[in-house]
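Engineer: Provided herewith: start19.cif, mmCIF, C-alpha atoms and all ligand atoms.
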```cif
data_data
#
loop_
_atom_site.label_atom_id
_atom_site.label_comp_id
_atom_site.auth_asym_id
_atom_site.auth_seq_id
_atom_site.Cartn_x
_atom_site.Cartn_y
_atom_site.Cartn_z
CA MET R 1 -11.38 -12.88 -4.34
CA SER R 2 -12.29 -9.43 -5.68
CA ASP R 3 -9.52 -7.34 -7.22
CA VAL R 4 -8.46 -4.29 -5.22
CA LEU R 5 -6.02 -3.00 -7.82
CA THR R 6 -6.49 -3.38 -11.58
CA VAL R 7 -3.78 -2.08 -13.88
CA ARG R 8 -4.36 -2.42 -17.64
CA GLY R 9 -1.95 -1.51 -20.43
CA LEU R 10 0.09 0.81 -18.24
CA SER R 11 2.81 2.69 -20.06
CA VAL R 12 5.27 5.27 -18.80
CA SER R 13 7.25 7.57 -21.05
CA VAL R 14 9.50 10.56 -20.92
CA ARG R 15 9.40 12.78 -24.01
CA ASP R 16 9.60 10.23 -26.88
CA THR R 17 11.20 7.40 -24.85
CA THR R 18 9.00 4.62 -23.50
CA LEU R 19 10.24 3.36 -20.12
CA VAL R 20 7.38 1.02 -19.18
CA SER R 21 5.09 -0.73 -21.70
CA ASP R 22 1.81 -2.52 -21.53
CA VAL R 23 1.87 -3.61 -17.88
CA ASP R 24 -1.18 -5.59 -16.75
CA LEU R 25 -1.43 -6.35 -13.07
CA THR R 26 -4.09 -7.15 -10.52
CA VAL R 27 -3.92 -7.57 -6.75
CA GLY R 28 -6.84 -9.11 -4.91
CA ALA R 29 -8.12 -8.30 -1.43
CA GLY R 30 -5.71 -9.81 1.08
CA GLU R 31 -3.35 -10.93 -1.68
CA ARG R 32 0.41 -10.34 -1.52
CA VAL R 33 2.01 -9.81 -4.93
CA GLY R 34 5.71 -9.31 -5.59
CA LEU R 35 7.20 -7.25 -8.43
CA ILE R 36 10.78 -8.23 -9.18
CA GLY R 37 13.37 -7.39 -11.81
CA GLU R 38 16.83 -5.95 -12.17
CA SER R 39 17.67 -2.32 -11.54
CA GLY R 40 16.10 -0.12 -14.22
CA SER R 41 13.47 -2.67 -15.28
CA GLY R 42 10.61 -0.29 -14.43
CA LYS R 43 9.38 -1.49 -11.03
CA SER R 44 9.46 1.87 -9.27
CA LEU R 45 7.94 3.76 -12.21
CA THR R 46 5.07 1.25 -12.17
CA ALA R 47 4.52 1.90 -8.45
CA LEU R 48 4.81 5.67 -8.81
CA SER R 49 2.25 5.60 -11.68
CA ILE R 50 -0.24 3.82 -9.42
CA LEU R 51 0.37 6.44 -6.73
CA GLY R 52 0.26 9.38 -9.15
CA LEU R 53 3.73 10.42 -8.02
CA LEU R 54 5.63 10.43 -11.32
CA PRO R 55 8.08 13.30 -11.84
CA GLU R 56 6.79 16.30 -13.86
CA ASP R 57 8.26 15.32 -17.22
CA VAL R 58 7.22 11.65 -17.02
CA ARG R 59 3.79 10.61 -18.39
CA ALA R 60 1.66 7.55 -17.68
CA GLY R 61 -0.89 6.01 -20.06
CA GLY R 62 -3.32 3.12 -19.77
CA SER R 63 -5.57 2.49 -16.81
CA VAL R 64 -5.18 2.11 -13.02
CA ARG R 65 -8.37 1.44 -11.06
CA LEU R 66 -8.81 0.88 -7.35
CA ASP R 67 -11.83 -0.86 -5.89
CA GLY R 68 -13.95 1.67 -3.98
CA VAL R 69 -12.53 4.68 -5.83
CA ASP R 70 -14.91 5.76 -8.58
CA HIS R 71 -12.39 7.45 -10.85
CA GLU R 72 -9.48 6.49 -13.05
CA LEU R 73 -6.13 7.07 -11.29
CA VAL R 74 -4.07 7.65 -14.44
CA GLY R 75 -4.34 11.33 -15.20
CA ALA R 76 -6.30 12.14 -12.01
CA ASP R 77 -5.50 15.60 -10.68
CA GLU R 78 -3.47 16.11 -7.51
CA ARG R 79 -6.53 17.08 -5.44
CA ARG R 80 -8.13 13.69 -6.12
CA MET R 81 -4.90 11.73 -5.74
CA SER R 82 -4.04 13.30 -2.40
CA ARG R 83 -7.37 11.98 -1.10
CA VAL R 84 -6.57 8.48 -2.34
CA ARG R 85 -2.99 8.46 -1.05
CA GLY R 86 -2.74 7.71 2.66
CA ARG R 87 -6.37 6.59 2.79
CA ASP R 88 -6.95 3.98 0.04
CA ILE R 89 -3.35 3.41 -1.01
CA ALA R 90 -0.43 3.71 1.38
CA MET R 91 3.25 3.27 0.69
CA VAL R 92 6.51 2.39 2.35
CA PHE R 93 9.68 3.32 0.50
CA GLN R 94 13.30 2.36 1.06
CA GLU R 95 14.34 5.44 3.01
CA PRO R 96 12.07 6.12 6.02
CA MET R 97 13.31 9.69 6.56
CA THR R 98 11.71 10.79 3.27
CA ALA R 99 8.29 9.83 4.67
CA LEU R 100 8.76 11.43 8.11
CA ASN R 101 8.67 15.06 9.13
CA PRO R 102 11.95 15.67 11.02
CA THR R 103 10.45 18.52 13.05
CA MET R 104 7.35 16.72 14.34
CA ARG R 105 7.01 14.21 17.17
CA ILE R 106 6.02 10.69 16.03
CA GLY R 107 2.72 10.85 17.93
CA ASP R 108 1.72 14.07 16.18
CA GLN R 109 2.59 12.62 12.77
CA LEU R 110 0.48 9.53 13.42
CA THR R 111 -2.54 11.47 14.70
CA GLU R 112 -2.28 13.96 11.83
CA ALA R 113 -2.26 11.10 9.29
CA MET R 114 -5.54 9.84 10.75
CA LEU R 115 -7.22 13.22 11.20
CA ILE R 116 -6.56 14.24 7.56
CA HIS R 117 -8.62 11.35 6.23
CA ARG R 118 -11.06 10.52 9.02
CA THR R 119 -13.57 12.21 11.26
CA LEU R 120 -12.07 11.36 14.59
CA ALA R 121 -11.76 13.19 17.89
CA LYS R 122 -8.17 14.04 18.80
CA PRO R 123 -8.05 11.89 21.97
CA ALA R 124 -9.33 8.89 19.98
CA ALA R 125 -6.66 9.49 17.33
CA ARG R 126 -4.04 9.66 20.10
CA THR R 127 -5.19 6.31 21.50
CA ALA R 128 -5.20 4.80 18.00
CA ALA R 129 -1.64 6.13 17.46
CA ALA R 130 -0.44 4.37 20.62
CA GLU R 131 -2.11 1.14 19.46
CA LEU R 132 -0.48 1.41 16.04
CA LEU R 133 2.94 1.76 17.66
CA GLU R 134 2.26 -1.25 19.84
CA ARG R 135 1.36 -3.26 16.73
CA VAL R 136 4.78 -2.48 15.23
CA GLN R 137 6.41 -3.39 18.52
CA LEU R 138 7.58 0.08 19.50
CA PRO R 139 7.27 1.31 23.11
CA SER R 140 4.65 3.95 23.90
CA ASP R 141 7.28 6.63 24.67
CA THR R 142 8.04 6.59 20.91
CA LEU R 143 4.97 8.86 20.64
CA ARG R 144 7.02 11.72 22.08
CA ALA R 145 10.19 11.00 20.07
CA TYR R 146 11.44 12.87 17.01
CA PRO R 147 12.54 10.81 13.98
CA HIS R 148 16.26 11.54 14.52
CA GLN R 149 16.06 9.92 17.96
CA LEU R 150 15.17 6.54 16.42
CA SER R 151 17.23 3.89 14.64
CA GLY R 152 16.67 3.12 10.95
CA GLY R 153 14.63 0.02 11.79
CA GLN R 154 12.50 1.92 14.33
CA ARG R 155 11.88 4.69 11.79
CA GLN R 156 10.76 2.19 9.16
CA ARG R 157 8.37 0.66 11.71
CA VAL R 158 6.94 4.15 12.34
CA VAL R 159 6.52 4.60 8.56
CA LEU R 160 4.69 1.27 8.44
CA ALA R 161 2.44 2.38 11.32
CA LEU R 162 1.72 5.60 9.40
CA ALA R 163 0.99 3.64 6.23
CA LEU R 164 -1.45 1.35 8.05
CA ALA R 165 -3.07 4.14 10.08
CA ASN R 166 -6.14 4.39 7.84
CA ASP R 167 -6.48 0.68 7.01
CA PRO R 168 -5.57 1.13 3.32
CA ALA R 169 -7.09 -1.17 0.70
CA LEU R 170 -3.65 -1.38 -0.91
CA LEU R 171 -0.16 -1.14 0.57
CA ILE R 172 2.75 -0.59 -1.81
CA CYS R 173 6.23 -1.31 -0.49
CA ASP R 174 9.26 -0.41 -2.61
CA GLU R 175 12.43 -2.06 -1.24
CA PRO R 176 11.27 -1.39 2.35
CA THR R 177 14.07 -3.33 4.02
CA THR R 178 16.99 -2.73 1.67
CA ALA R 179 18.46 0.08 3.78
CA LEU R 180 18.05 -1.82 7.05
CA ASP R 181 20.41 -3.90 9.09
CA VAL R 182 20.00 -7.61 8.30
CA THR R 183 18.92 -8.31 11.88
CA VAL R 184 15.89 -5.99 11.67
CA GLN R 185 14.91 -6.83 8.09
CA ALA R 186 13.06 -10.00 9.12
CA LEU R 187 11.12 -8.18 11.83
CA VAL R 188 10.01 -5.40 9.47
CA LEU R 189 8.95 -7.96 6.83
CA ASP R 190 6.99 -9.87 9.44
CA LEU R 191 5.24 -6.68 10.58
CA ILE R 192 4.36 -5.76 6.99
CA VAL R 193 2.79 -9.19 6.41
CA ARG R 194 0.91 -9.08 9.71
CA GLY R 195 -0.28 -5.53 9.00
CA VAL R 196 -1.83 -6.46 5.65
CA VAL R 197 -3.18 -9.83 6.80
CA ASP R 198 -4.90 -8.23 9.82
CA ARG R 199 -6.63 -5.71 7.54
CA SER R 200 -7.14 -7.97 4.49
CA SER R 201 -5.29 -5.27 2.56
CA ALA R 202 -3.74 -6.00 -0.82
CA LEU R 203 0.06 -5.81 -0.92
CA LEU R 204 2.26 -4.90 -3.89
CA PHE R 205 5.82 -5.58 -2.84
CA ILE R 206 8.72 -4.38 -4.97
CA THR R 207 12.16 -5.83 -4.43
CA HIS R 208 15.18 -7.22 -6.19
CA ASP R 209 15.55 -9.82 -3.42
CA LEU R 210 13.95 -13.08 -4.52
CA ALA R 211 14.27 -14.68 -1.08
CA VAL R 212 12.16 -11.85 0.34
CA VAL R 213 9.50 -12.45 -2.31
CA ALA R 214 9.49 -16.17 -1.43
CA THR R 215 8.91 -15.20 2.21
CA VAL R 216 6.32 -12.48 1.78
CA CYS R 217 4.38 -13.02 -1.46
CA GLU R 218 1.97 -15.53 -2.91
CA ARG R 219 2.20 -14.35 -6.52
CA VAL R 220 5.01 -12.67 -8.42
CA LEU R 221 5.48 -10.62 -11.60
CA VAL R 222 8.86 -10.39 -13.26
CA MET R 223 9.77 -7.17 -15.08
CA TYR R 224 12.45 -6.86 -17.72
CA GLY R 225 13.12 -3.87 -19.96
CA GLY R 226 9.95 -2.10 -18.85
CA ARG R 227 7.64 -5.07 -19.49
CA VAL R 228 6.18 -7.88 -17.42
CA VAL R 229 7.79 -10.99 -18.90
CA GLU R 230 6.45 -13.60 -16.49
CA ALA R 231 3.79 -13.85 -13.80
CA GLY R 232 2.35 -16.57 -11.61
CA PRO R 233 2.30 -18.12 -8.17
CA VAL R 234 5.70 -17.78 -6.44
CA ALA R 235 6.06 -21.55 -6.12
CA GLU R 236 5.55 -22.01 -9.85
CA VAL R 237 7.68 -19.13 -11.12
CA PHE R 238 10.56 -19.93 -8.77
CA THR R 239 10.58 -23.66 -9.45
CA ARG R 240 9.60 -23.71 -13.14
CA PRO R 241 10.53 -20.34 -14.65
CA ARG R 242 9.38 -19.99 -18.25
CA HIS R 243 11.38 -16.92 -19.24
CA ARG R 244 15.15 -17.08 -19.66
CA TYR R 245 15.51 -13.80 -17.81
CA THR R 246 13.72 -15.26 -14.76
CA GLU R 247 16.02 -18.30 -14.93
CA GLY R 248 19.00 -15.93 -14.83
CA LEU R 249 17.58 -14.00 -11.89
CA LEU R 250 17.03 -17.22 -9.96
CA ALA R 251 20.48 -18.55 -10.81
CA ALA R 252 22.07 -15.33 -9.55
CA SER R 253 20.13 -15.39 -6.29
CA ASP R 254 20.48 -17.60 -3.26
CA VAL R 255 16.79 -18.44 -3.18
CA GLU R 256 16.14 -22.16 -2.92
CA THR R 257 14.57 -23.11 -6.24
CA ASN R 258 14.21 -26.81 -5.58
CA ALA R 259 11.39 -26.48 -3.07
CA PRO R 260 8.76 -28.83 -4.50
CA ARG R 261 5.83 -26.97 -2.99
CA LEU R 262 5.19 -23.60 -1.47
CA THR R 263 1.94 -22.83 0.17
CA THR R 264 0.39 -20.38 2.56
CA ILE R 265 -1.44 -22.09 5.35
CA PRO R 266 -4.83 -20.54 6.04
CA GLY R 267 -5.40 -19.66 9.67
CA ASN R 268 -1.64 -19.74 10.16
CA VAL R 269 -1.69 -23.15 11.77
CA PRO R 270 -0.49 -26.15 9.82
CA PRO R 271 -3.45 -28.43 9.14
CA ALA R 272 -3.07 -31.88 10.66
CA GLY R 273 -2.83 -34.70 8.21
CA LYS R 274 -2.79 -32.52 5.10
CA PHE R 275 0.77 -33.50 4.26
CA PRO R 276 2.12 -37.02 4.26
CA SER R 277 3.99 -38.12 7.32
CA GLY R 278 7.73 -37.89 6.82
CA CYS R 279 7.72 -34.69 4.76
CA VAL R 280 9.61 -31.71 6.12
CA PHE R 281 7.89 -28.49 7.00
CA ARG R 282 9.95 -25.34 6.89
CA THR R 283 9.16 -21.70 7.30
CA ARG R 284 11.23 -18.57 7.14
CA CYS R 285 9.56 -17.24 10.23
CA ALA R 286 10.86 -13.87 11.37
CA HIS R 287 10.61 -15.00 14.98
CA ALA R 288 13.08 -17.76 14.37
CA THR R 289 16.71 -17.02 13.80
CA ALA R 290 17.04 -19.84 11.30
CA LEU R 291 14.78 -21.99 9.17
CA CYS R 292 12.69 -24.22 11.40
CA GLU R 293 12.04 -27.79 10.49
CA GLU R 294 9.28 -30.03 11.71
CA THR R 295 7.57 -33.17 10.50
CA PRO R 296 3.88 -33.91 10.97
CA PRO R 297 1.99 -34.23 13.23
CA TRP R 298 2.44 -30.59 14.09
CA THR R 299 3.09 -30.89 17.76
CA GLY R 300 4.43 -27.76 19.36
CA ALA R 301 4.04 -25.88 16.10
CA GLU R 302 3.43 -22.54 17.76
CA SER R 303 6.45 -22.75 19.99
CA HIS R 304 8.55 -23.35 16.90
CA GLY R 305 7.19 -20.17 15.37
CA PHE R 306 5.19 -22.03 12.74
CA ALA R 307 2.02 -20.15 13.48
CA CYS R 308 2.92 -17.30 11.20
CA HIS R 309 1.60 -15.76 8.02
CA HIS R 310 4.54 -16.77 5.90
CA PRO R 311 4.63 -19.03 2.90
CA VAL R 312 5.66 -22.47 3.96
CA GLU R 313 7.82 -24.90 2.08
CA VAL R 314 6.88 -28.53 2.28
CA THR R 315 9.39 -31.02 1.02
CA ASP R 316 7.83 -34.34 0.15
CA ALA R 317 9.18 -37.38 1.94
N1 LIG R 401 12.57 10.93 -14.54
C1 LIG R 401 13.10 10.06 -15.41
N2 LIG R 401 13.53 10.50 -16.63
C2 LIG R 401 14.08 9.64 -17.49
N3 LIG R 401 14.25 8.32 -17.26
C3 LIG R 401 13.86 7.84 -16.08
C4 LIG R 401 13.26 8.68 -15.09
N4 LIG R 401 12.97 7.90 -14.01
C5 LIG R 401 13.36 6.65 -14.31
N5 LIG R 401 13.91 6.60 -15.56
C6 LIG R 401 14.42 5.39 -16.24
O1 LIG R 401 13.37 4.44 -16.33
C7 LIG R 401 13.86 3.10 -16.19
C8 LIG R 401 13.08 2.38 -15.11
O2 LIG R 401 13.33 3.00 -13.84
P1 LIG R 401 12.77 2.45 -12.46
O3 LIG R 401 13.22 3.39 -11.41
O4 LIG R 401 11.32 2.18 -12.58
O5 LIG R 401 13.54 1.06 -12.34
P2 LIG R 401 13.55 0.00 -11.14
O6 LIG R 401 13.23 -1.32 -11.74
O7 LIG R 401 12.66 0.47 -10.05
O8 LIG R 401 15.05 0.05 -10.69
P3 LIG R 401 15.71 0.03 -9.20
O9 LIG R 401 15.57 -1.39 -8.75
O10 LIG R 401 17.11 0.42 -9.45
O11 LIG R 401 14.93 0.99 -8.37
C9 LIG R 401 15.35 3.25 -15.88
O12 LIG R 401 16.06 3.02 -17.06
C10 LIG R 401 15.50 4.68 -15.43
O13 LIG R 401 16.78 5.19 -15.73
#
```
As a first step, turn the structure in this file into structure tokens.
Structural biologist:
Amino acid sequence: MSDVLTVRGLSVSVRDTTLVSDVDLTVGAGERVGLIGESGSGKSLTALSILGLLPEDVRAGGSVRLDGVDHELVGADERRMSRVRGRDIAMVFQEPMTALNPTMRIGDQLTEAMLIHRTLAKPAARTAAAELLERVQLPSDTLRAYPHQLSGGQRQRVVLALALANDPALLICDEPTTALDVTVQALVLDLIVRGVVDRSSALLFITHDLAVVATVCERVLVMYGGRVVEAGPVAEVFTRPRHRYTEGLLAASDVETNAPRLTTIPGNVPPAGKFPSGCVFRTRCAHATALCEETPPWTGAESHGFACHHPVEVTDA
């Protein structure tokens, strides 16, 4: 797997105070990586450095490279970064209204996002906008709506459609479901995963919610005091944390840490015979209202919502 994002020795400082130090991070094509840590640990500053969106007085050092972009992103001028943002890197933040123009219809915002970065005829962009809305399960009349006419969950789905409009190599999500009603959180997470899987985009997912990381990500980095203190596959870090801080995070969360194995099933269909008969197969599928359980052979897997992109827990018999 080739790396889409390569961050080396990233530091962030304001005047003489260092807020983020020596962060190394890579995300491969089609890989979903979580960045977790308590409030103030430096997650958002790391994301904003990658996007070139740090506030005026805050400086980044080190290196951020993106596959397919021939220049260094740290220190790149705004003209270059505005070409990268929305085309190569897209983002979804916590509050959807900050990403939407309140005075423009959703359809116009979607077509504009495509026309800025691509040579496309307007009618083709319009058709693509309708398709994008369909992919995030919004009705076609949403094209004519203004942001204030939508619910929070609908707005965040529009923001996701905007973010995916140009098939970005990297999608960065910073607490994308924190402000949403619990009932729509699972749907939005599912749509994010589907969106990146369909495009083989890399995903960097920032959250303080460990259960969300277990659902969405394959690999995780733990930040503490502006540094990455632990990194590895989600199954490993969540079951055998090496850093005391990670142990504390896990103890304070309701994530199940005793899952013996976590795996993502390629092709989204559980492979027959891969797991011993008698073991329990569980997935936090957004289509299901609760955890589903099934034992091999995988009869009726699809109807149980098992054919999804989510990590799957397999408890040995
Ligand atoms: N513009 C700024 N000037 C000075 N300090 C800042 C600035 N922005 C952020 N900080 C500080 O940098 C540290 C890291 O902030 P950051 O927003 O990256 O944390 P976070 O892990 O994303 O937290 P949260 O989960 O609450 O969003 C915090 O201590 C914060 O107060």
Engineer: Using all atoms listed in the file, find the one residue out of R:Asn166, R:Ala251, R:Ala214, R:Arg157 that sits nearest to Glu236 (chain R).
Structural biologist: R:Ala214
Engineer: Determine, using all atoms listed in the file, which residues of chain R have any atom at most 10 Å from an atom of ligand LIG 401 (chain R), and tabulate each with its shortest atom pair and distance in Å to one decimal place, rows ordered by chain and then rising number, as JSON lines.
Structural biologist:
```
{"residue": "R:Val12", "atom": "CA", "partner": "R:LIG401", "partner_atom": "O1", "distance": 8.5}
{"residue": "R:Ser13", "atom": "CA", "partner": "R:LIG401", "partner_atom": "C2", "distance": 8.0}
{"residue": "R:Val14", "atom": "CA", "partner": "R:LIG401", "partner_atom": "C2", "distance": 5.8}
{"residue": "R:Arg15", "atom": "CA", "partner": "R:LIG401", "partner_atom": "C2", "distance": 8.6}
{"residue": "R:Thr17", "atom": "CA", "partner": "R:LIG401", "partner_atom": "C2", "distance": 8.2}
{"residue": "R:Thr18", "atom": "CA", "partner": "R:LIG401", "partner_atom": "O1", "distance": 8.4}
{"residue": "R:Leu19", "atom": "CA", "partner": "R:LIG401", "partner_atom": "O1", "distance": 5.0}
{"residue": "R:Val20", "atom": "CA", "partner": "R:LIG401", "partner_atom": "C8", "distance": 7.1}
{"residue": "R:Leu35", "atom": "CA", "partner": "R:LIG401", "partner_atom": "O6", "distance": 9.1}
{"residue": "R:Ile36", "atom": "CA", "partner": "R:LIG401", "partner_atom": "O6", "distance": 7.8}
{"residue": "R:Gly37", "atom": "CA", "partner": "R:LIG401", "partner_atom": "O6", "distance": 6.1}
{"residue": "R:Glu38", "atom": "CA", "partner": "R:LIG401", "partner_atom": "O9", "distance": 5.8}
{"residue": "R:Ser39", "atom": "CA", "partner": "R:LIG401", "partner_atom": "O10", "distance": 3.5}
{"residue": "R:Gly40", "atom": "CA", "partner": "R:LIG401", "partner_atom": "O5", "distance": 3.4}
{"residue": "R:Ser41", "atom": "CA", "partner": "R:LIG401", "partner_atom": "O6", "distance": 3.8}
{"residue": "R:Gly42", "atom": "CA", "partner": "R:LIG401", "partner_atom": "O4", "distance": 3.2}
{"residue": "R:Lys43", "atom": "CA", "partner": "R:LIG401", "partner_atom": "O6", "distance": 3.9}
{"residue": "R:Ser44", "atom": "CA", "partner": "R:LIG401", "partner_atom": "O7", "distance": 3.6}
{"residue": "R:Leu45", "atom": "CA", "partner": "R:LIG401", "partner_atom": "O4", "distance": 3.7}
{"residue": "R:Thr46", "atom": "CA", "partner": "R:LIG401", "partner_atom": "O4", "distance": 6.3}
{"residue": "R:Ala47", "atom": "CA", "partner": "R:LIG401", "partner_atom": "O4", "distance": 8.0}
{"residue": "R:Leu48", "atom": "CA", "partner": "R:LIG401", "partner_atom": "O4", "distance": 8.3}
{"residue": "R:Ser49", "atom": "CA", "partner": "R:LIG401", "partner_atom": "O4", "distance": 9.7}
{"residue": "R:Leu54", "atom": "CA", "partner": "R:LIG401", "partner_atom": "N1", "distance": 7.7}
{"residue": "R:Pro55", "atom": "CA", "partner": "R:LIG401", "partner_atom": "N1", "distance": 5.8}
{"residue": "R:Glu56", "atom": "CA", "partner": "R:LIG401", "partner_atom": "N1", "distance": 7.9}
{"residue": "R:Asp57", "atom": "CA", "partner": "R:LIG401", "partner_atom": "N1", "distance": 6.7}
{"residue": "R:Val58", "atom": "CA", "partner": "R:LIG401", "partner_atom": "N1", "distance": 5.9}
{"residue": "R:Arg59", "atom": "CA", "partner": "R:LIG401", "partner_atom": "N1", "distance": 9.6}
{"residue": "R:Gln94", "atom": "CA", "partner": "R:LIG401", "partner_atom": "O11", "distance": 9.7}
{"residue": "R:Asp174", "atom": "CA", "partner": "R:LIG401", "partner_atom": "O11", "distance": 8.2}
{"residue": "R:Glu175", "atom": "CA", "partner": "R:LIG401", "partner_atom": "O11", "distance": 8.1}
{"residue": "R:Ile206", "atom": "CA", "partner": "R:LIG401", "partner_atom": "O7", "distance": 8.1}
{"residue": "R:Thr207", "atom": "CA", "partner": "R:LIG401", "partner_atom": "O9", "distance": 7.1}
{"residue": "R:His208", "atom": "CA", "partner": "R:LIG401", "partner_atom": "O9", "distance": 6.4}
{"residue": "R:Asp209", "atom": "CA", "partner": "R:LIG401", "partner_atom": "O9", "distance": 10.0}
{"residue": "R:Met223", "atom": "CA", "partner": "R:LIG401", "partner_atom": "O6", "distance": 7.6}
{"residue": "R:Tyr224", "atom": "CA", "partner": "R:LIG401", "partner_atom": "O6", "distance": 8.2}
{"residue": "R:Gly225", "atom": "CA", "partner": "R:LIG401", "partner_atom": "C8", "distance": 7.9}
{"residue": "R:Gly226", "atom": "CA", "partner": "R:LIG401", "partner_atom": "C8", "distance": 6.6}
```
Engineer: Give me the residues near Glu230 (chain R) as a PyMOL selection string, where near means some atom within 12 Å (using all atoms listed in the file) and where sequence neighbours in that chain fewer than 4 positions away do not count.
Structural biologist: chain R and resi 23-25+34-37+219-224+234+236-238+240-247
Engineer: Counting only C-alpha atoms, figure out which residue out of R:Asp181, R:Asp254, R:Asp167, R:Glu31 gets nearest to Phe205 (chain R).
Structural biologist: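 Selected residue with least distance to Phe205 (chain R): R:Glu31.
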Engineer: Ranking R:Asp198, R:Glu131, R:Val188, R:Ile172 by minimum distance to Gly153 (chain R) and counting all atoms listed in the file, which one comes first?
Structural biologist: R:Val188
Engineer: Just how far from CA of Asp77 (chain R) is CA of Leu162 (chain R), in Å to one decimal?
Structural biologist: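 Going from CA of Leu162 (chain R) over to CA of Asp77 (chain R), I get 23.6 Å.
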Engineer: From the set R:His71, R:Asp190, R:Val229, R:Leu210, which residue has the shortest atom-to-atom contact distance to Leu249 (chain R), counting all atoms listed in the file?
Structural biologist: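 Result for the nearest residue to Leu249 (chain R): R:Leu210.
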Engineer: Would you kindly return, as a PDB file with C-alpha atoms, in the frame of the given file, each protein, DNA or RNA residue with an atom no farther than 12 Å from any atom of Gln109 (chain R), considering all atoms listed in the file and excluding same-chain residues fewer than 2 positions away?
Structural biologist:
```
ATOM      1  CA  ALA R  99       8.290   9.830   4.670  1.00  0.00           C
ATOM      2  CA  LEU R 100       8.760  11.430   8.110  1.00  0.00           C
ATOM      3  CA  ASN R 101       8.670  15.060   9.130  1.00  0.00           C
ATOM      4  CA  PRO R 102      11.950  15.670  11.020  1.00  0.00           C
ATOM      5  CA  THR R 103      10.450  18.520  13.050  1.00  0.00           C
ATOM      6  CA  MET R 104       7.350  16.720  14.340  1.00  0.00           C
ATOM      7  CA  ARG R 105       7.010  14.210  17.170  1.00  0.00           C
ATOM      8  CA  ILE R 106       6.020  10.690  16.030  1.00  0.00           C
ATOM      9  CA  GLY R 107       2.720  10.850  17.930  1.00  0.00           C
ATOM     10  CA  THR R 111      -2.540  11.470  14.700  1.00  0.00           C
ATOM     11  CA  GLU R 112      -2.280  13.960  11.830  1.00  0.00           C
ATOM     12  CA  ALA R 113      -2.260  11.100   9.290  1.00  0.00           C
ATOM     13  CA  MET R 114      -5.540   9.840  10.750  1.00  0.00           C
ATOM     14  CA  LEU R 115      -7.220  13.220  11.200  1.00  0.00           C
ATOM     15  CA  ILE R 116      -6.560  14.240   7.560  1.00  0.00           C
ATOM     16  CA  ALA R 125      -6.660   9.490  17.330  1.00  0.00           C
ATOM     17  CA  ARG R 126      -4.040   9.660  20.100  1.00  0.00           C
ATOM     18  CA  ALA R 129      -1.640   6.130  17.460  1.00  0.00           C
ATOM     19  CA  ALA R 130      -0.440   4.370  20.620  1.00  0.00           C
ATOM     20  CA  LEU R 133       2.940   1.760  17.660  1.00  0.00           C
ATOM     21  CA  THR R 142       8.040   6.590  20.910  1.00  0.00           C
ATOM     22  CA  LEU R 143       4.970   8.860  20.640  1.00  0.00           C
ATOM     23  CA  ARG R 144       7.020  11.720  22.080  1.00  0.00           C
ATOM     24  CA  ALA R 145      10.190  11.000  20.070  1.00  0.00           C
ATOM     25  CA  TYR R 146      11.440  12.870  17.010  1.00  0.00           C
ATOM     26  CA  PRO R 147      12.540  10.810  13.980  1.00  0.00           C
ATOM     27  CA  VAL R 158       6.940   4.150  12.340  1.00  0.00           C
ATOM     28  CA  VAL R 159       6.520   4.600   8.560  1.00  0.00           C
ATOM     29  CA  ALA R 161       2.440   2.380  11.320  1.00  0.00           C
ATOM     30  CA  LEU R 162       1.720   5.600   9.400  1.00  0.00           C
ATOM     31  CA  ALA R 163       0.990   3.640   6.230  1.00  0.00           C
ATOM     32  CA  ALA R 165      -3.070   4.140  10.080  1.00  0.00           C
TER      33      ALA R 165
END
```
Engineer: With only C-alpha atoms as the atoms that count, which of R:Gly9, R:Gly68, R:Pro176, R:Gly75 lies nearest to Arg87 (chain R)?
Structural biologist: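 Going through R:Gly9, R:Gly68, R:Pro176, R:Gly75 one by one, the smallest distance to Arg87 (chain R) is for R:Gly68.
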Engineer: Can you tell me, as a PyMOL selection string, what residues are no more than 12 Å from Ser82 (chain R) when counting all atoms listed in the file, ignoring any on the same chain fewer than 2 positions away?
Structural biologist: chain R and resi 51-53+73+76-80+84-90+116-117
Engineer: Mind pulling up the distance from CA of Thr26 (chain R) to CA of Ser63 (chain R)?
Structural biologist: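 For CA of Ser63 (chain R) relative to CA of Thr26 (chain R), the distance reads 11.6 Å.
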Engineer: What lies within 7 Å of region 199-204 of chain R using only C-alpha atoms, ignoring chain neighbours under 6 positions off, as a list in words?
Structural biologist: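 The contact residues come out as Val4, Val27, Gly28, Ala29, Gly30, Glu31, Arg32, Val33, Gly34, Asp167, Pro168, Ala169, Leu170, Leu171, Ile172 and Cys173 of chain R.
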Engineer: What gap, in Å, lies between CA of Pro139 (chain R) and CA of Ala211 (chain R)?
Structural biologist: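 Here the two named atoms are 29.8 Å from each other.
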Engineer: For each of R:Val74, R:Val255, R:Ala60, R:Val182, take the minimum atom-to-atom distance to Val212 (chain R), counting only C-alpha atoms, then give the residue where this is smallest.
Structural biologist: R:Val255
Engineer: Please write C-alpha atoms of region 112-123 of chain R, from the structure given just now, as a CSV table (one decimal), in the first residue's frame.
Structural biologist:
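And here is the file that came out, part-v3.csv:
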```csv
chain,number,residue,atom,x,y,z
R,112,GLU,CA,-19.4,25.2,-7.5
R,113,ALA,CA,-17.1,22.8,-5.4
R,114,MET,CA,-16.7,20.7,-8.5
R,115,LEU,CA,-16.3,23.5,-11.1
R,116,ILE,CA,-13.5,25.2,-9.0
R,117,HIS,CA,-11.2,22.2,-9.3
R,118,ARG,CA,-12.4,20.4,-12.5
R,119,THR,CA,-13.1,21.2,-16.1
R,120,LEU,CA,-16.7,20.1,-16.2
R,121,ALA,CA,-19.7,21.4,-18.1
R,122,LYS,CA,-22.4,22.9,-15.8
R,123,PRO,CA,-25.1,20.3,-16.6
```
